[in-house]
$ cat structure12.cif   # mmCIF, C-alpha atoms
data_query
loop_
_atom_site.group_PDB
_atom_site.id
_atom_site.type_symbol
_atom_site.label_atom_id
_atom_site.label_comp_id
_atom_site.auth_asym_id
_atom_site.auth_seq_id
_atom_site.Cartn_x
_atom_site.Cartn_y
_atom_site.Cartn_z
ATOM 1 C CA MET A 1 58.902 -13.836 26.791
ATOM 2 C CA THR A 2 59.737 -10.225 27.172
ATOM 3 C CA ASN A 3 57.887 -7.738 29.283
ATOM 4 C CA ALA A 4 56.320 -6.154 26.152
ATOM 5 C CA TRP A 5 54.565 -9.424 25.258
ATOM 6 C CA MET A 6 53.299 -9.766 28.822
ATOM 7 C CA ASP A 7 51.876 -6.244 28.721
ATOM 8 C CA LEU A 8 50.044 -6.980 25.441
ATOM 9 C CA ALA A 9 48.635 -10.245 26.800
ATOM 10 C CA ALA A 10 47.382 -8.533 29.965
ATOM 11 C CA GLY A 11 45.769 -5.723 27.967
ATOM 12 C CA SER A 12 43.715 -8.082 25.765
ATOM 13 C CA GLY A 13 41.920 -9.516 28.805
ATOM 14 C CA GLY A 14 39.893 -6.320 29.119
ATOM 15 C CA ILE A 15 38.659 -6.686 25.543
ATOM 16 C CA GLY A 16 37.505 -10.241 26.248
ATOM 17 C CA ILE A 17 35.576 -9.136 29.322
ATOM 18 C CA GLY A 18 33.980 -6.285 27.326
ATOM 19 C CA ILE A 19 32.866 -8.692 24.581
ATOM 20 C CA GLY A 20 31.454 -11.072 27.209
ATOM 21 C CA VAL A 21 29.481 -8.253 28.866
ATOM 22 C CA ALA A 22 28.169 -7.090 25.477
ATOM 23 C CA ALA A 23 27.051 -10.648 24.678
ATOM 24 C CA VAL A 24 25.189 -10.910 27.993
ATOM 25 C CA VAL A 25 23.470 -7.560 27.319
ATOM 26 C CA VAL A 26 22.389 -8.669 23.819
ATOM 27 C CA VAL A 27 20.994 -11.958 25.164
ATOM 28 C CA ALA A 28 19.138 -10.088 27.929
ATOM 29 C CA LEU A 29 17.619 -7.715 25.344
ATOM 30 C CA LEU A 30 16.496 -10.649 23.184
ATOM 31 C CA ILE A 31 14.870 -12.382 26.148
ATOM 32 C CA GLY A 32 13.155 -9.118 27.136
ATOM 33 C CA ALA A 33 11.863 -8.588 23.588
ATOM 34 C CA PHE A 34 10.496 -12.133 23.487
ATOM 35 C CA ALA A 35 8.727 -11.660 26.844
ATOM 36 C CA PHE A 36 7.275 -8.313 25.724
ATOM 37 C CA GLY A 37 6.016 -9.838 22.448
ATOM 38 C CA SER A 38 4.415 -12.744 24.314
ATOM 39 C CA ARG A 39 2.547 -10.342 26.607
ATOM 40 C CA GLN A 40 1.310 -8.303 23.643
ATOM 41 C CA LYS A 41 0.146 -11.473 21.873
ATOM 42 C CA ARG A 42 -1.869 -12.533 24.926
ATOM 43 C CA LYS A 43 -3.637 -9.132 24.983
ATOM 44 C CA GLU A 44 -4.902 -9.546 21.387
ATOM 45 C CA SER A 45 -8.414 -10.777 20.775
ATOM 46 C CA PRO A 46 -8.686 -14.432 19.744
ATOM 47 C CA PRO A 47 -9.282 -15.344 16.087
ATOM 48 C CA PRO A 48 -12.939 -15.435 15.006
ATOM 49 C CA ARG A 49 -14.876 -18.665 15.441
ATOM 50 C CA PRO A 50 -16.407 -20.360 12.382
ATOM 51 C CA ASP A 51 -19.861 -18.924 13.171
ATOM 52 C CA GLU A 52 -18.341 -15.410 13.278
ATOM 53 C CA GLN A 53 -16.841 -15.686 9.778
ATOM 54 C CA PRO A 54 -18.283 -13.525 6.969
ATOM 55 C CA ARG A 55 -21.114 -15.060 4.951
ATOM 56 C CA MET A 56 -22.048 -14.738 1.281
ATOM 57 C CA PRO A 57 -24.940 -12.320 0.612
ATOM 58 C CA GLU A 58 -28.413 -13.795 0.103
ATOM 59 C CA GLY A 59 -28.460 -12.863 -3.582
ATOM 60 C CA GLY A 60 -25.166 -14.626 -4.287
ATOM 61 C CA PRO A 61 -21.771 -13.101 -4.939
ATOM 62 C CA VAL A 62 -21.593 -9.428 -5.800
ATOM 63 C CA ARG A 63 -20.645 -8.916 -9.446
ATOM 64 C CA GLU A 64 -18.581 -6.167 -10.963
ATOM 65 C CA THR A 65 -20.358 -3.712 -13.230
ATOM 66 C CA GLN A 66 -18.577 -2.061 -16.116
ATOM 67 C CA GLU A 67 -19.750 1.196 -17.561
ATOM 68 C CA HIS A 68 -18.258 4.214 -19.245
ATOM 69 C CA ARG A 69 -18.251 7.325 -17.092
ATOM 70 C CA GLU A 70 -17.833 10.952 -18.052
ATOM 71 C CA PRO A 71 -16.925 13.862 -15.773
ATOM 72 C CA GLU A 72 -19.398 16.442 -14.600
ATOM 73 C CA GLU A 73 -19.206 19.779 -16.361
ATOM 74 C CA MET A 74 -16.729 22.332 -15.074
ATOM 75 C CA PRO A 75 -18.539 25.284 -13.482
ATOM 76 C CA HIS A 76 -18.142 28.442 -15.555
ATOM 77 C CA SER A 77 -17.703 31.837 -13.949
ATOM 78 C CA ASP A 78 -16.047 35.163 -14.727
ATOM 79 C CA GLU A 79 -13.892 34.976 -11.611
ATOM 80 C CA ARG A 80 -10.816 32.860 -11.106
ATOM 81 C CA THR A 81 -11.773 29.387 -9.873
ATOM 82 C CA LEU A 82 -9.495 27.871 -7.229
ATOM 83 C CA PRO A 83 -9.328 24.163 -6.429
ATOM 84 C CA HIS A 84 -11.025 24.555 -3.057
ATOM 85 C CA ASP A 85 -13.914 26.372 -4.786
ATOM 86 C CA LEU A 86 -14.682 23.353 -6.974
ATOM 87 C CA GLY A 87 -15.624 20.923 -4.226
ATOM 88 C CA HIS A 88 -16.264 17.319 -5.199
ATOM 89 C CA GLN A 89 -16.190 16.805 -8.941
ATOM 90 C CA GLY A 90 -18.032 13.573 -9.553
ATOM 91 C CA SER A 91 -18.847 11.685 -12.681
ATOM 92 C CA ARG A 92 -21.964 10.306 -14.307
ATOM 93 C CA THR A 93 -22.822 7.421 -16.590
ATOM 94 C CA SER A 94 -21.907 8.214 -20.173
ATOM 95 C CA SER A 95 -24.699 8.402 -22.747
ATOM 96 C CA GLY A 96 -22.872 6.017 -25.094
ATOM 97 C CA GLN A 97 -21.802 2.755 -23.528
ATOM 98 C CA GLU A 98 -19.913 1.382 -26.537
ATOM 99 C CA ARG A 99 -16.168 1.016 -26.239
ATOM 100 C CA PRO A 100 -14.138 3.193 -28.587
ATOM 101 C CA ARG A 101 -12.442 1.058 -31.260
ATOM 102 C CA TRP A 102 -9.335 1.631 -33.310
ATOM 103 C CA ASP A 103 -10.104 2.850 -36.798
ATOM 104 C CA GLU A 104 -8.141 1.431 -39.704
ATOM 105 C CA GLY A 105 -5.897 4.122 -41.174
ATOM 106 C CA SER A 106 -5.545 6.144 -38.003
ATOM 107 C CA SER A 107 -2.445 5.855 -35.908
ATOM 108 C CA GLY A 108 -3.810 6.684 -32.481
ATOM 109 C CA SER A 109 -1.512 8.993 -30.612
ATOM 110 C CA PHE A 110 1.487 8.518 -32.899
ATOM 111 C CA GLY A 111 1.441 11.264 -35.517
ATOM 112 C CA SER A 112 -1.090 12.103 -38.188
ATOM 113 C CA GLY A 113 -2.018 8.628 -39.376
ATOM 114 C CA GLY A 114 -0.015 8.877 -42.575
ATOM 115 C CA PRO A 115 2.129 6.106 -44.019
ATOM 116 C CA GLY A 116 5.159 7.285 -42.076
ATOM 117 C CA GLY A 117 8.815 7.050 -42.997
ATOM 118 C CA ARG A 118 10.360 3.614 -43.083
#

$ encode --input "structure12.cif" --output "structure tokens"
Amino acid sequence: MTNAWMDLAAGSGGIGIGIGVAAVVVVALLIGAFAFGSRQKRKESPPPRPDEQPRMPEGGPVRETQEHREPEEMPHSDERTLPHDLGHQGSRTSSGQERPRWDEGSSGSFGSGGPGGR
């Protein structure tokens, strides 16, 4: 071997030591993270006991109600109305509770309802 090969071989030893140190640091960080997570888990409250579980209401399960709603009227004024002036705009039960149906001959939102071009 020449001296150049010996110099290269000696220089690569530092890289190996650096990789070994980095590996030890990564393992130490993983162990620390595991210990920290275990401590946090011990601080949490235990899961609820069976007698602490939620119960069904006395009247049975709560059912969904379906109704048609319509918005409250927009307040009219001569001045410019800004969004923060409106406040809460609620809704109320609609007077007609029947669902709107598609009428034969009308095309909904696509044009005028004519026969169209094929």

$ atom_distance --input "structure12.cif" --atom1 "atom CA of A:Arg92" --atom2 "atom CA of A:Glu72"
6.7 Å

$ closest_residue --input "structure12.cif" --among "A:Asp78, A:Asp51, A:Glu64, A:Glu73" --to "A:Ser91" --atoms "only C-alpha atoms"
A:Glu73

$ resolve_selection --input "structure12.cif" --expression "the PyMOL selection byres ((chain A and resi 70) around 9)" --output "list in words"
His68, Arg69, Pro71, Glu72, Gly90, Ser91, Arg92, Thr93, Ser94 and Ser95 of chain A

$ atom_distance --input "structure12.cif" --atom1 "atom CA of A:Lys43" --atom2 "atom CA of A:Ile31"
18.8 Å

$ atom_distance --input "structure12.cif" --atom1 "atom CA of A:Gly16" --atom2 "atom CA of A:Leu30"
21.2 Å

$ closest_residue --input "structure12.cif" --among "A:Met74, A:Gly18, A:Arg99, A:Leu29" --to "A:Gly87" --atoms "only C-alpha atoms"
A:Met74
